[in-house]
$ cat protein-v4.tsv   # TSV, C-alpha atoms and all ligand atoms
chain	number	residue	atom	x	y	z
G	222	MET	CA	-35.08	-53.02	194.64
G	223	PHE	CA	-34.95	-54.35	198.22
G	224	SER	CA	-38.10	-55.42	199.98
G	225	PRO	CA	-38.76	-54.05	203.48
G	226	ALA	CA	-38.08	-57.53	204.83
G	227	ASP	CA	-34.70	-57.57	203.05
G	228	ALA	CA	-33.88	-54.22	204.57
G	229	GLY	CA	-34.75	-55.55	208.01
G	230	ARG	CA	-32.58	-58.62	207.51
G	231	MET	CA	-29.68	-56.50	206.30
G	232	LEU	CA	-29.85	-54.44	209.44
G	233	LEU	CA	-29.14	-57.55	211.46
G	234	LYS	CA	-26.04	-58.28	209.38
G	235	PRO	CA	-23.32	-55.86	208.27
G	236	PHE	CA	-25.10	-53.40	206.01
G	237	PRO	CA	-23.81	-53.32	202.41
G	238	GLN	CA	-22.89	-49.68	202.79
G	239	PRO	CA	-19.76	-50.08	204.95
G	240	GLU	CA	-19.91	-46.57	206.36
G	241	LEU	CA	-23.33	-47.27	207.86
G	242	GLY	CA	-22.64	-50.54	209.64
G	243	SER	CA	-25.19	-52.40	211.70
G	244	LEU	CA	-27.85	-50.82	213.86
G	245	PRO	CA	-25.86	-51.16	217.10
G	246	ASP	CA	-22.83	-49.70	215.24
G	247	ILE	CA	-24.89	-46.69	214.27
G	248	ALA	CA	-26.01	-46.19	217.84
G	249	ALA	CA	-22.47	-46.64	219.17
G	250	ARG	CA	-20.95	-44.19	216.69
G	251	SER	CA	-23.48	-41.57	217.60
G	252	GLY	CA	-22.35	-41.82	221.21
G	253	ARG	CA	-25.52	-43.53	222.42
G	254	GLN	CA	-25.87	-46.84	224.08
G	255	SER	CA	-27.79	-49.26	221.88
G	256	ARG	CA	-31.18	-50.40	223.15
G	257	THR	CA	-31.12	-53.34	220.75
G	258	THR	CA	-31.75	-56.25	223.10
G	259	PRO	CA	-31.68	-59.83	221.74
G	260	GLN	CA	-35.49	-59.74	221.83
G	261	VAL	CA	-35.58	-56.58	219.73
G	262	ALA	CA	-33.12	-58.09	217.24
G	263	GLU	CA	-35.25	-61.22	216.98
G	264	ASN	CA	-38.42	-59.25	216.32
G	265	LEU	CA	-36.88	-56.76	213.90
G	266	PRO	CA	-37.38	-58.70	210.62
G	267	ARG	CA	-41.05	-59.25	211.46
G	268	LYS	CA	-41.45	-55.58	212.24
G	269	MET	CA	-39.71	-54.47	209.06
G	270	ALA	CA	-41.81	-56.88	207.00
G	271	GLN	CA	-44.96	-55.32	208.46
G	272	HIS	CA	-43.77	-51.78	207.96
G	273	ARG	CA	-44.82	-49.99	204.83
G	274	PRO	CA	-43.62	-46.60	203.68
G	275	ALA	CA	-46.02	-43.72	204.21
G	276	PRO	CA	-49.04	-43.89	201.89
G	277	GLY	CA	-48.83	-41.82	198.74
G	278	LEU	CA	-45.13	-42.34	198.01
G	279	ARG	CA	-44.23	-42.66	194.36
G	280	PRO	CA	-42.32	-45.81	193.29
G	281	GLU	CA	-38.94	-44.06	193.22
G	282	GLN	CA	-39.56	-42.56	196.68
G	283	GLU	CA	-40.54	-45.98	197.97
G	284	GLU	CA	-37.40	-47.49	196.49
G	285	GLU	CA	-35.32	-44.79	198.11
G	286	TRP	CA	-37.05	-45.38	201.43
G	287	VAL	CA	-36.35	-49.08	201.28
G	288	ALA	CA	-32.76	-48.79	200.10
G	289	GLY	CA	-31.58	-46.20	202.56
G	290	GLY	CA	-34.43	-44.72	204.50
G	291	ALA	CA	-35.04	-48.00	206.33
G	292	VAL	CA	-31.70	-47.54	208.02
G	293	ALA	CA	-32.66	-44.10	209.21
G	294	TRP	CA	-36.12	-45.29	210.15
G	295	VAL	CA	-34.89	-48.09	212.35
G	296	ALA	CA	-32.02	-46.06	213.72
G	297	ASP	CA	-34.51	-43.35	214.58
G	298	ARG	CA	-36.37	-45.85	216.71
G	299	GLU	CA	-33.05	-46.70	218.30
G	300	GLY	CA	-32.74	-43.12	219.48
G	301	GLY	CA	-32.79	-39.55	218.26
G	302	ALA	CA	-29.05	-38.98	217.91
G	303	ALA	CA	-28.48	-42.31	216.16
G	304	GLY	CA	-31.35	-41.57	213.82
G	305	GLU	CA	-29.93	-38.17	213.00
G	306	TRP	CA	-26.52	-39.70	212.30
G	307	ALA	CA	-28.04	-42.26	209.92
G	308	ARG	CA	-30.18	-39.64	208.21
G	309	ARG	CA	-27.14	-37.48	207.52
G	310	LYS	CA	-25.35	-40.43	205.98
G	311	HIS	CA	-28.42	-41.22	203.95
G	312	ARG	CA	-28.93	-37.63	202.83
G	313	GLY	CA	-25.69	-37.70	200.86
G	314	THR	CA	-27.10	-40.33	198.52
G	315	ASP	CA	-30.68	-39.24	198.20
G	316	ARG	CA	-32.37	-37.52	195.31
G	317	PHE	CA	-32.12	-34.03	196.77
G	318	LYS	CA	-28.36	-34.12	196.49
G	319	ARG	CA	-28.57	-35.42	192.95
G	320	GLY	CA	-29.76	-31.95	192.03
G	321	LEU	CA	-33.23	-33.05	190.98
G	322	PHE	CA	-34.76	-30.26	192.96
G	323	VAL	CA	-34.05	-27.82	195.73
G	324	ARG	CA	-35.80	-27.88	199.06
G	325	VAL	CA	-35.72	-24.53	200.86
G	326	ALA	CA	-37.07	-23.92	204.35
G	327	ILE	CA	-38.15	-20.45	205.41
G	328	ALA	CA	-37.67	-20.26	209.17
G	329	SER	CA	-37.26	-17.79	212.00
G	330	GLY	CA	-36.61	-18.01	215.69
G	331	LYS	CA	-39.44	-15.62	216.40
G	332	GLY	CA	-43.07	-15.61	215.32
G	333	GLY	CA	-44.38	-12.60	213.41
G	334	THR	CA	-41.16	-11.72	211.58
G	335	GLY	CA	-42.64	-12.28	208.12
G	336	LYS	CA	-41.69	-15.91	207.54
G	337	THR	CA	-45.01	-16.78	205.90
G	338	THR	CA	-44.89	-13.53	203.94
G	339	VAL	CA	-41.53	-14.51	202.44
G	340	ALA	CA	-42.54	-18.13	201.84
G	341	THR	CA	-45.90	-17.40	200.18
G	342	ASN	CA	-44.59	-14.54	198.04
G	343	LEU	CA	-41.63	-16.60	196.91
G	344	ALA	CA	-43.90	-19.49	195.96
G	345	TRP	CA	-46.28	-17.17	194.12
G	346	VAL	CA	-43.48	-15.45	192.18
G	347	ALA	CA	-42.01	-18.85	191.23
G	348	ALA	CA	-45.40	-19.99	189.94
G	349	GLN	CA	-45.80	-16.74	188.01
G	350	GLU	CA	-42.52	-17.50	186.30
G	351	GLU	CA	-43.92	-20.93	185.40
G	352	LYS	CA	-41.56	-22.78	187.69
G	353	SER	CA	-42.62	-26.13	189.03
G	354	VAL	CA	-43.16	-25.30	192.72
G	355	VAL	CA	-44.93	-26.59	195.81
G	356	TYR	CA	-45.55	-24.63	199.00
G	357	LEU	CA	-45.62	-26.79	202.13
G	358	ASP	CA	-47.10	-25.13	205.20
G	359	CYS	CA	-45.34	-26.94	208.04
G	360	ASP	CA	-46.42	-24.41	210.66
G	361	VAL	CA	-48.99	-27.03	211.61
G	362	GLU	CA	-50.18	-25.43	214.84
G	363	GLU	CA	-51.35	-22.36	212.94
G	364	PRO	CA	-51.03	-22.78	209.17
G	365	ASN	CA	-51.95	-19.48	207.54
G	366	GLY	CA	-50.32	-19.61	204.11
G	367	GLN	CA	-53.74	-20.31	202.63
G	368	ILE	CA	-54.93	-16.83	203.66
G	369	PHE	CA	-52.47	-15.33	201.17
G	370	LEU	CA	-52.33	-18.04	198.51
G	371	ARG	CA	-56.07	-18.85	198.56
G	372	PRO	CA	-55.72	-22.32	197.02
G	373	ALA	CA	-58.63	-24.29	195.59
G	374	VAL	CA	-58.81	-27.31	197.89
G	375	SER	CA	-58.33	-30.69	196.14
G	376	TRP	CA	-58.44	-33.07	199.08
G	377	ARG	CA	-58.16	-33.50	202.84
G	378	LYS	CA	-57.07	-36.58	204.74
G	379	PRO	CA	-56.28	-37.48	208.33
G	380	VAL	CA	-52.75	-37.83	209.71
G	381	THR	CA	-52.36	-40.80	212.01
G	382	VAL	CA	-49.58	-42.20	214.16
G	383	PRO	CA	-49.25	-45.85	215.23
G	384	VAL	CA	-49.82	-46.55	218.92
G	385	PRO	CA	-49.69	-49.94	220.67
G	386	ASN	CA	-52.71	-52.11	221.27
G	387	VAL	CA	-52.21	-55.05	223.65
G	388	ASP	CA	-53.93	-58.39	223.15
G	389	LEU	CA	-54.56	-59.36	226.77
G	390	ALA	CA	-55.47	-62.91	225.73
G	391	VAL	CA	-51.82	-63.37	224.66
G	392	CYS	CA	-50.02	-61.10	227.18
G	393	ASP	CA	-48.44	-62.73	230.26
G	394	TYR	CA	-47.79	-59.38	232.01
G	395	CYS	CA	-44.01	-59.75	231.89
G	396	GLY	CA	-43.56	-55.96	231.83
G	397	GLN	CA	-40.86	-55.83	229.11
G	398	CYS	CA	-42.88	-53.35	227.05
G	399	GLY	CA	-42.97	-50.90	229.95
G	400	GLU	CA	-39.26	-51.34	230.59
G	401	ILE	CA	-38.24	-50.36	227.06
G	402	CYS	CA	-40.65	-47.41	226.76
G	403	GLN	CA	-38.76	-44.17	227.37
G	404	PHE	CA	-41.96	-42.14	227.72
G	405	SER	CA	-43.97	-44.20	230.23
G	406	ALA	CA	-46.61	-44.53	227.54
G	407	ILE	CA	-47.12	-48.21	228.28
G	408	VAL	CA	-47.01	-49.59	231.81
G	409	CYS	CA	-47.60	-53.08	233.13
G	410	VAL	CA	-49.19	-52.99	236.59
G	411	GLY	CA	-49.98	-56.37	238.09
G	412	GLU	CA	-52.28	-58.06	235.63
G	413	ARG	CA	-53.04	-54.96	233.62
G	414	VAL	CA	-51.18	-53.22	230.79
G	415	LEU	CA	-52.03	-49.54	230.58
G	416	VAL	CA	-51.42	-47.59	227.36
G	417	PHE	CA	-51.37	-43.78	227.32
G	418	PRO	CA	-51.65	-42.91	223.60
G	419	GLU	CA	-51.01	-39.18	224.13
G	420	LEU	CA	-47.58	-39.95	225.60
G	421	CYS	CA	-46.64	-42.47	222.90
G	422	HIS	CA	-43.92	-41.37	220.44
G	423	SER	CA	-44.72	-44.26	218.06
G	424	CYS	CA	-41.18	-45.58	218.28
G	425	GLY	CA	-42.31	-49.21	218.02
G	426	GLY	CA	-39.99	-50.27	220.84
G	427	CYS	CA	-42.66	-52.03	222.91
G	428	ASP	CA	-43.78	-54.05	219.89
G	429	LEU	CA	-40.20	-55.10	219.23
G	430	ALA	CA	-39.58	-55.95	222.88
G	431	CYS	CA	-42.69	-58.07	223.45
G	432	PRO	CA	-41.63	-61.74	223.54
G	433	LEU	CA	-45.19	-62.97	222.86
G	434	SER	CA	-46.05	-60.62	219.97
G	435	ALA	CA	-49.03	-59.47	222.01
G	436	ILE	CA	-48.72	-55.90	220.72
G	437	THR	CA	-50.03	-54.61	217.43
G	438	GLU	CA	-50.03	-51.01	216.27
G	439	VAL	CA	-53.28	-49.20	215.66
G	440	PRO	CA	-53.62	-45.76	214.04
G	441	ARG	CA	-54.49	-42.71	216.11
G	442	GLU	CA	-55.56	-39.52	214.35
G	443	ILE	CA	-53.59	-36.43	215.38
G	444	GLY	CA	-54.17	-33.98	212.55
G	445	THR	CA	-55.27	-33.29	209.01
G	446	LEU	CA	-53.52	-32.79	205.69
G	447	MET	CA	-55.03	-30.50	203.11
G	448	ALA	CA	-53.83	-29.99	199.54
G	449	GLY	CA	-54.88	-27.68	196.79
G	450	HIS	CA	-53.55	-25.47	194.06
G	451	ARG	CA	-53.57	-21.95	192.82
G	452	GLY	CA	-52.92	-22.14	189.11
G	453	PRO	CA	-49.63	-24.01	188.65
G	454	LEU	CA	-48.69	-23.58	192.32
G	455	ARG	CA	-49.35	-26.66	194.44
G	456	TYR	CA	-50.22	-26.09	198.09
G	457	VAL	CA	-50.08	-28.54	201.02
G	458	GLN	CA	-50.70	-27.78	204.67
G	459	GLY	CA	-50.89	-29.78	207.88
G	460	LEU	CA	-53.10	-28.95	210.83
G	461	LEU	CA	-52.46	-30.45	214.25
G	462	ASN	CA	-55.61	-31.37	216.16
G	463	ILE	CA	-56.40	-29.16	219.16
G	464	GLY	CA	-54.88	-30.57	222.32
G	465	GLU	CA	-52.26	-32.68	220.56
G	466	ALA	CA	-48.70	-32.18	221.77
G	467	MET	CA	-46.60	-33.70	218.98
G	468	SER	CA	-46.48	-31.83	215.71
G	469	PRO	CA	-43.44	-33.57	214.06
G	470	PRO	CA	-45.50	-36.49	212.64
G	471	VAL	CA	-47.85	-33.99	210.96
G	472	ILE	CA	-44.86	-32.03	209.64
G	473	ARG	CA	-43.36	-35.25	208.24
G	474	ALA	CA	-46.67	-36.04	206.54
G	475	VAL	CA	-46.73	-32.59	204.90
G	476	LYS	CA	-43.14	-32.97	203.68
G	477	ALA	CA	-43.90	-36.42	202.25
G	478	GLU	CA	-46.34	-34.70	199.86
G	479	ALA	CA	-43.51	-33.03	197.90
G	480	ARG	CA	-43.62	-34.67	194.48
G	481	GLU	CA	-41.86	-33.91	191.25
G	482	GLU	CA	-41.64	-30.14	191.71
G	483	ASP	CA	-38.29	-28.44	191.02
G	484	LEU	CA	-38.67	-26.11	193.96
G	485	VAL	CA	-40.05	-27.10	197.36
G	486	ILE	CA	-40.74	-24.18	199.70
G	487	ILE	CA	-41.22	-25.16	203.32
G	488	ASP	CA	-42.87	-22.65	205.64
G	489	ALA	CA	-41.36	-23.79	208.94
G	490	PRO	CA	-42.88	-23.22	212.38
G	491	PRO	CA	-41.31	-20.50	214.54
G	492	GLY	CA	-38.94	-21.28	217.39
G	493	THR	CA	-35.98	-23.60	217.77
G	494	ALA	CA	-37.54	-26.76	219.21
G	495	CYS	CA	-38.54	-30.15	217.71
G	496	PRO	CA	-41.10	-28.82	215.20
G	497	VAL	CA	-38.66	-26.47	213.50
G	498	VAL	CA	-35.91	-29.11	213.52
G	499	GLU	CA	-38.32	-31.56	211.86
G	500	ALA	CA	-39.28	-28.96	209.25
G	501	VAL	CA	-35.73	-27.98	208.24
G	502	ARG	CA	-33.62	-31.05	208.80
G	503	ASP	CA	-33.48	-32.59	205.32
G	504	CYS	CA	-33.53	-29.28	203.49
G	505	ASP	CA	-30.82	-28.13	201.14
G	506	HIS	CA	-30.98	-24.58	202.38
G	507	VAL	CA	-32.61	-22.44	205.06
G	508	LEU	CA	-33.57	-18.79	204.79
G	509	LEU	CA	-33.82	-17.25	208.24
G	510	VAL	CA	-36.25	-14.35	208.26
G	511	THR	CA	-35.65	-11.67	210.85
G	512	GLU	CA	-36.68	-8.12	211.58
G	513	PRO	CA	-34.25	-5.40	212.60
G	514	THR	CA	-35.34	-5.14	216.24
G	515	PRO	CA	-33.62	-6.35	219.44
G	516	PHE	CA	-36.22	-9.15	219.66
G	517	GLY	CA	-35.61	-10.19	216.07
G	518	LEU	CA	-31.86	-10.22	216.61
G	519	HIS	CA	-32.12	-12.23	219.81
G	520	ASP	CA	-34.23	-14.91	218.17
G	521	LEU	CA	-32.15	-14.88	214.96
G	522	ASN	CA	-29.18	-15.79	217.15
G	523	LEU	CA	-31.05	-18.83	218.51
G	524	ALA	CA	-32.34	-19.89	215.10
G	525	LEU	CA	-28.86	-19.60	213.61
G	526	ASP	CA	-27.45	-21.79	216.37
G	527	THR	CA	-30.09	-24.42	215.60
G	528	VAL	CA	-29.56	-24.46	211.85
G	529	GLN	CA	-25.76	-24.44	212.15
G	530	THR	CA	-25.95	-27.34	214.62
G	531	LEU	CA	-27.88	-29.25	211.97
G	532	GLU	CA	-25.15	-28.31	209.47
G	533	ILE	CA	-27.59	-26.92	206.92
G	534	PRO	CA	-26.42	-23.98	204.79
G	535	CYS	CA	-28.38	-20.85	205.66
G	536	GLU	CA	-28.73	-17.20	204.81
G	537	VAL	CA	-30.66	-14.30	206.27
G	538	VAL	CA	-33.59	-12.32	204.90
G	539	ILE	CA	-34.45	-9.03	206.62
G	540	ASN	CA	-38.10	-8.12	206.67
G	541	ARG	CA	-39.25	-4.58	207.48
G	542	ALA	CA	-35.72	-3.42	206.72
G	543	GLY	CA	-34.78	0.15	207.53
G	544	LEU	CA	-35.93	0.23	211.15
G	545	ASN	CA	-32.50	-0.40	212.67
G	546	GLY	CA	-30.52	-2.34	210.11
G	547	SER	CA	-26.96	-1.78	211.26
G	548	ALA	CA	-27.18	-4.08	214.31
G	549	THR	CA	-28.48	-6.97	212.18
G	550	GLU	CA	-25.80	-6.40	209.55
G	551	GLU	CA	-23.09	-6.29	212.18
G	552	PHE	CA	-24.46	-9.48	213.77
G	553	CYS	CA	-24.52	-11.33	210.43
G	554	ARG	CA	-21.00	-10.17	209.64
G	555	ARG	CA	-19.79	-11.45	213.00
G	556	ARG	CA	-21.54	-14.82	212.56
G	557	GLY	CA	-20.37	-15.17	208.95
G	558	VAL	CA	-23.85	-15.46	207.50
G	559	GLU	CA	-24.92	-13.59	204.39
G	560	ILE	CA	-27.94	-11.30	204.08
G	561	VAL	CA	-29.45	-12.25	200.71
G	562	ALA	CA	-32.57	-10.10	200.62
G	563	GLU	CA	-34.12	-7.11	202.35
G	564	PHE	CA	-37.77	-6.15	202.21
G	565	PRO	CA	-38.33	-2.56	203.33
G	566	ASP	CA	-40.93	-1.48	205.82
G	567	SER	CA	-43.83	-0.34	203.65
G	568	ARG	CA	-47.25	1.00	204.55
G	569	ARG	CA	-48.66	-0.14	201.19
G	570	VAL	CA	-47.50	-3.71	201.82
G	571	ALA	CA	-48.79	-3.62	205.42
G	572	GLU	CA	-52.22	-2.58	204.11
G	573	ALA	CA	-52.15	-5.36	201.50
G	574	TYR	CA	-51.15	-7.82	204.25
G	575	SER	CA	-54.08	-6.75	206.40
G	576	ARG	CA	-56.39	-7.58	203.47
G	577	GLY	CA	-54.73	-11.00	203.08
G	578	GLU	CA	-53.03	-10.01	199.83
G	579	LEU	CA	-49.54	-10.91	198.67
G	580	ALA	CA	-46.94	-8.13	198.73
G	581	ALA	CA	-45.55	-9.30	195.37
G	582	GLU	CA	-49.01	-9.05	193.84
G	583	SER	CA	-49.72	-5.58	195.10
G	584	ASP	CA	-46.31	-3.89	194.80
G	585	PRO	CA	-44.03	-4.16	191.72
G	586	GLU	CA	-40.94	-3.26	193.78
G	587	PHE	CA	-41.57	-6.18	196.13
G	588	ARG	CA	-42.25	-8.45	193.18
G	589	ASP	CA	-38.81	-7.59	191.77
G	590	ARG	CA	-37.18	-8.22	195.13
G	591	PHE	CA	-38.81	-11.64	195.40
G	592	ARG	CA	-37.78	-12.41	191.82
G	593	SER	CA	-34.16	-11.63	192.75
G	594	LEU	CA	-34.42	-13.89	195.80
G	595	LEU	CA	-35.87	-16.65	193.62
G	596	ALA	CA	-33.00	-16.28	191.13
G	597	HIS	CA	-30.57	-16.59	194.04
G	598	ILE	CA	-32.27	-19.80	195.23
G	599	GLU	CA	-32.16	-21.28	191.76
G	600	GLU	CA	-28.40	-20.88	191.78
G	601	LEU	CA	-28.34	-23.38	194.66
G	602	ARG	CA	-29.34	-26.28	192.39
G	701	LIG	S1	-44.13	-57.22	226.75
G	701	LIG	FE1	-45.89	-58.21	225.75
G	701	LIG	S2	-46.36	-59.94	227.08
G	701	LIG	FE2	-45.04	-58.57	228.27
G	701	LIG	S3	-46.47	-57.22	229.39
G	701	LIG	FE3	-45.97	-56.19	227.52
G	701	LIG	S4	-47.60	-56.78	226.09
G	701	LIG	FE4	-47.66	-58.24	227.76
G	702	LIG	S1	-44.40	-47.20	220.70
G	702	LIG	FE1	-45.15	-45.77	222.24
G	702	LIG	S2	-45.66	-47.03	224.00
G	702	LIG	FE2	-44.36	-48.29	222.65
G	702	LIG	S3	-42.27	-47.98	223.43
G	702	LIG	FE3	-42.60	-46.48	221.84
G	702	LIG	S4	-43.33	-44.65	222.90
G	702	LIG	FE4	-43.56	-46.36	224.33

$ encode --input "protein-v4.tsv" --output "structure tokens"
Amino acid sequence: MFSPADAGRMLLKPFPQPELGSLPDIAARSGRQSRTTPQVAENLPRKMAQHRPAPGLRPEQEEEWVAGGAVAWVADREGGAAGEWARRKHRGTDRFKRGLFVRVAIASGKGGTGKTTVATNLAWVAAQEEKSVVYLDCDVEEPNGQIFLRPAVSWRKPVTVPVPNVDLAVCDYCGQCGEICQFSAIVCVGERVLVFPELCHSCGGCDLACPLSAITEVPREIGTLMAGHRGPLRYVQGLLNIGEAMSPPVIRAVKAEAREEDLVIIDAPPGTACPVVEAVRDCDHVLLVTEPTPFGLHDLNLALDTVQTLEIPCEVVINRAGLNGSATEEFCRRRGVEIVAEFPDSRRVAEAYSRGELAAESDPEFRDRFRSLLAHIEELR
């Protein structure tokens, strides 16, 4: 097993995996200009030695992080596109692709289509069939899976992100930290260094750029993780603090809680922006939930574009089917995406929903439909 410091050193030399290359190679191949200045390169081993994987990782996850994830981690700090390139390379060797378990994201371009309904019912049905399953509520601005799954809470803990703290006794106000920051989150003005934690993306660039090592990272709380269980079903949710703008770190923290379960169900946030990309990007499969309305179709189109850009296999689930199905079917045919399940519009299910009850619990027909969808997902392994 490599140590983090080894990983850092390897990044400064040709990496043993020839297809990855060095950090500047990664950036160049992704079409971005490298921001690796000599100062950054000099500071990188120190930074990597300080860095520890997220708390709570099991030994094999930690090993995986060090062996390959470090490349993605550092490349991510180099820039989004480079990070994505490295992650894709890394994904081919990680445990998900070794068939140890399947990670399925339930997403939709539009809120209110029934994404949480599908995700919670699927998780419940899997647990009923004694599958090893975890439900991860990554809709961290409004997690509501717990309303339906009603887990017994085991623990809560804060989610923090590292932000810079400047030691003014060491700083000589050279301004290099402000020059490398792409978000104006740290600015050197005369003999003052101003830090704006809310703007900071925790990329670590200013720390790497500082020639005097005057910057250390301090944690800033941005949300909360909560975990629990309902019988054999494990439940994890993230909640972004009110007023916080960046949900991806909370989503990453939720996803890091997936453990040895065979099936990981990710309830993704709605939309097509950073939060949904963060939720789905290392998944094996995405189910896009839509409703047969013009609004549903419009947003399905956007969601499909997003998932196909990320090159993740996806299929469509129609909720409240029967309203105006032909347009959705025609759209899916045209876009070459399969409809794998349909859940009919049902007054009984709507009433159960309004009481916070699961459709699969209250209606045998829905239970059978979710069982069929689960069987389909299991074929993905
Ligand atoms: S790079 Fe370091 S020394 Fe220069 S202004 Fe920033 S904190 Fe101070
Ligand atoms: S860690 Fe924050 S302040 Fe430092 S360069 Fe990155 S975004 Fe800017």

$ atom_distance --input "protein-v4.tsv" --atom1 "atom FE1 of ligand LIG 701 (chain G)" --atom2 "atom CA of Ala435 of chain G"
5.0 Å

$ closest_atom_pairs --input "protein-v4.tsv" --of "chain G" --to "ligand LIG 702 (chain G)" --cutoff "7 Å" --atoms "only C-alpha atoms and all ligand atoms" --output "JSON lines"
{"residue": "G:Val384", "atom": "CA", "partner": "G:LIG702", "partner_atom": "S1", "distance": 5.7}
{"residue": "G:Pro385", "atom": "CA", "partner": "G:LIG702", "partner_atom": "FE2", "distance": 5.9}
{"residue": "G:Cys398", "atom": "CA", "partner": "G:LIG702", "partner_atom": "S3", "distance": 6.5}
{"residue": "G:Ile401", "atom": "CA", "partner": "G:LIG702", "partner_atom": "S3", "distance": 5.9}
{"residue": "G:Cys402", "atom": "CA", "partner": "G:LIG702", "partner_atom": "S3", "distance": 3.7}
{"residue": "G:Gln403", "atom": "CA", "partner": "G:LIG702", "partner_atom": "FE4", "distance": 6.1}
{"residue": "G:Phe404", "atom": "CA", "partner": "G:LIG702", "partner_atom": "S4", "distance": 5.6}
{"residue": "G:Ser405", "atom": "CA", "partner": "G:LIG702", "partner_atom": "FE4", "distance": 6.3}
{"residue": "G:Ala406", "atom": "CA", "partner": "G:LIG702", "partner_atom": "S2", "distance": 4.4}
{"residue": "G:Ile407", "atom": "CA", "partner": "G:LIG702", "partner_atom": "S2", "distance": 4.7}
{"residue": "G:Val416", "atom": "CA", "partner": "G:LIG702", "partner_atom": "S2", "distance": 6.7}
{"residue": "G:Leu420", "atom": "CA", "partner": "G:LIG702", "partner_atom": "S4", "distance": 6.9}
{"residue": "G:Cys421", "atom": "CA", "partner": "G:LIG702", "partner_atom": "FE1", "distance": 3.7}
{"residue": "G:His422", "atom": "CA", "partner": "G:LIG702", "partner_atom": "S4", "distance": 4.1}
{"residue": "G:Ser423", "atom": "CA", "partner": "G:LIG702", "partner_atom": "S1", "distance": 4.0}
{"residue": "G:Cys424", "atom": "CA", "partner": "G:LIG702", "partner_atom": "FE3", "distance": 3.9}
{"residue": "G:Gly425", "atom": "CA", "partner": "G:LIG702", "partner_atom": "S1", "distance": 3.9}
{"residue": "G:Gly426", "atom": "CA", "partner": "G:LIG702", "partner_atom": "S3", "distance": 4.1}
{"residue": "G:Cys427", "atom": "CA", "partner": "G:LIG702", "partner_atom": "S3", "distance": 4.1}
{"residue": "G:Asp428", "atom": "CA", "partner": "G:LIG702", "partner_atom": "FE2", "distance": 6.4}

$ residues_near_ligand --input "protein-v4.tsv" --ligand "ligand LIG 701 (chain G)" --cutoff "6 Å" --atoms "all atoms listed in the file" --output "PyMOL selection string"
chain G and resi 387+392-398+409+431-433+435-436

$ residues_around --input "protein-v4.tsv" --residues "Glu582 of chain G" --least-positions-apart "2" --cutoff "12 Å" --atoms "all atoms listed in the file" --output "short mmCIF file (atom, residue, chain, number, x, y, z; two decimals) with C-alpha atoms, in the frame of the given file"
data_model
loop_
_atom_site.label_atom_id
_atom_site.label_comp_id
_atom_site.auth_asym_id
_atom_site.auth_seq_id
_atom_site.Cartn_x
_atom_site.Cartn_y
_atom_site.Cartn_z
CA THR G 338 -44.89 -13.53 203.94
CA THR G 341 -45.90 -17.40 200.18
CA ASN G 342 -44.59 -14.54 198.04
CA LEU G 343 -41.63 -16.60 196.91
CA ALA G 344 -43.90 -19.49 195.96
CA TRP G 345 -46.28 -17.17 194.12
CA VAL G 346 -43.48 -15.45 192.18
CA GLN G 349 -45.80 -16.74 188.01
CA PHE G 369 -52.47 -15.33 201.17
CA LEU G 370 -52.33 -18.04 198.51
CA ARG G 569 -48.66 -0.14 201.19
CA VAL G 570 -47.50 -3.71 201.82
CA ALA G 573 -52.15 -5.36 201.50
CA TYR G 574 -51.15 -7.82 204.25
CA GLY G 577 -54.73 -11.00 203.08
CA GLU G 578 -53.03 -10.01 199.83
CA LEU G 579 -49.54 -10.91 198.67
CA ALA G 580 -46.94 -8.13 198.73
CA ASP G 584 -46.31 -3.89 194.80
CA PRO G 585 -44.03 -4.16 191.72
CA GLU G 586 -40.94 -3.26 193.78
CA PHE G 587 -41.57 -6.18 196.13
CA ARG G 588 -42.25 -8.45 193.18
CA ASP G 589 -38.81 -7.59 191.77
CA ARG G 590 -37.18 -8.22 195.13
CA PHE G 591 -38.81 -11.64 195.40
CA ARG G 592 -37.78 -12.41 191.82
#

$ closest_residue --input "protein-v4.tsv" --among "G:Ala581, G:Ala548, G:Ala596, G:Val457" --to "Pro515 of chain G" --atoms "all atoms listed in the file"
G:Ala548

$ closest_atom_pairs --input "protein-v4.tsv" --of "segment 351-423 of chain G" --to "segment 330-336 of chain G" --cutoff "12 Å" --atoms "all atoms listed in the file" --output "tab-separated table"
residue	atom	partner	partner_atom	distance
G:Asp358	CA	G:Lys336	CA	10.9
G:Cys359	CA	G:Lys336	CA	11.6
G:Asp360	CA	G:Lys336	CA	10.2
G:Glu363	CA	G:Gly332	CA	10.9
G:Pro364	CA	G:Lys336	CA	11.7
G:Asn365	CA	G:Lys336	CA	10.9
G:Gly366	CA	G:Lys336	CA	10.0

$ atom_distance --input "protein-v4.tsv" --atom1 "atom CA of Leu508 of chain G" --atom2 "atom CA of Lys352 of chain G"
19.3 Å

$ atom_distance --input "protein-v4.tsv" --atom1 "atom CA of Lys476 of chain G" --atom2 "atom CA of Gln529 of chain G"
21.1 Å

$ closest_residue --input "protein-v4.tsv" --among "G:Glu536, G:Glu512, G:Asp483, G:Glu499" --to "Arg324 of chain G" --atoms "only C-alpha atoms"
G:Asp483

$ residues_around --input "protein-v4.tsv" --residues "Asp566 of chain G" --least-positions-apart "2" --cutoff "9 Å" --atoms "all atoms listed in the file" --output "VMD selection string"
chain G and resid 540 to 544 564 568 570 to 571

$ closest_residue --input "protein-v4.tsv" --among "G:Ser329, G:Ala430, G:Ala347, G:Val510" --to "Ser593 of chain G" --atoms "only C-alpha atoms"
G:Ala347

$ closest_residue --input "protein-v4.tsv" --among "G:Arg377, G:Arg576, G:Arg480, G:Arg556" --to "Thr445 of chain G" --atoms "all atoms listed in the file"
G:Arg377
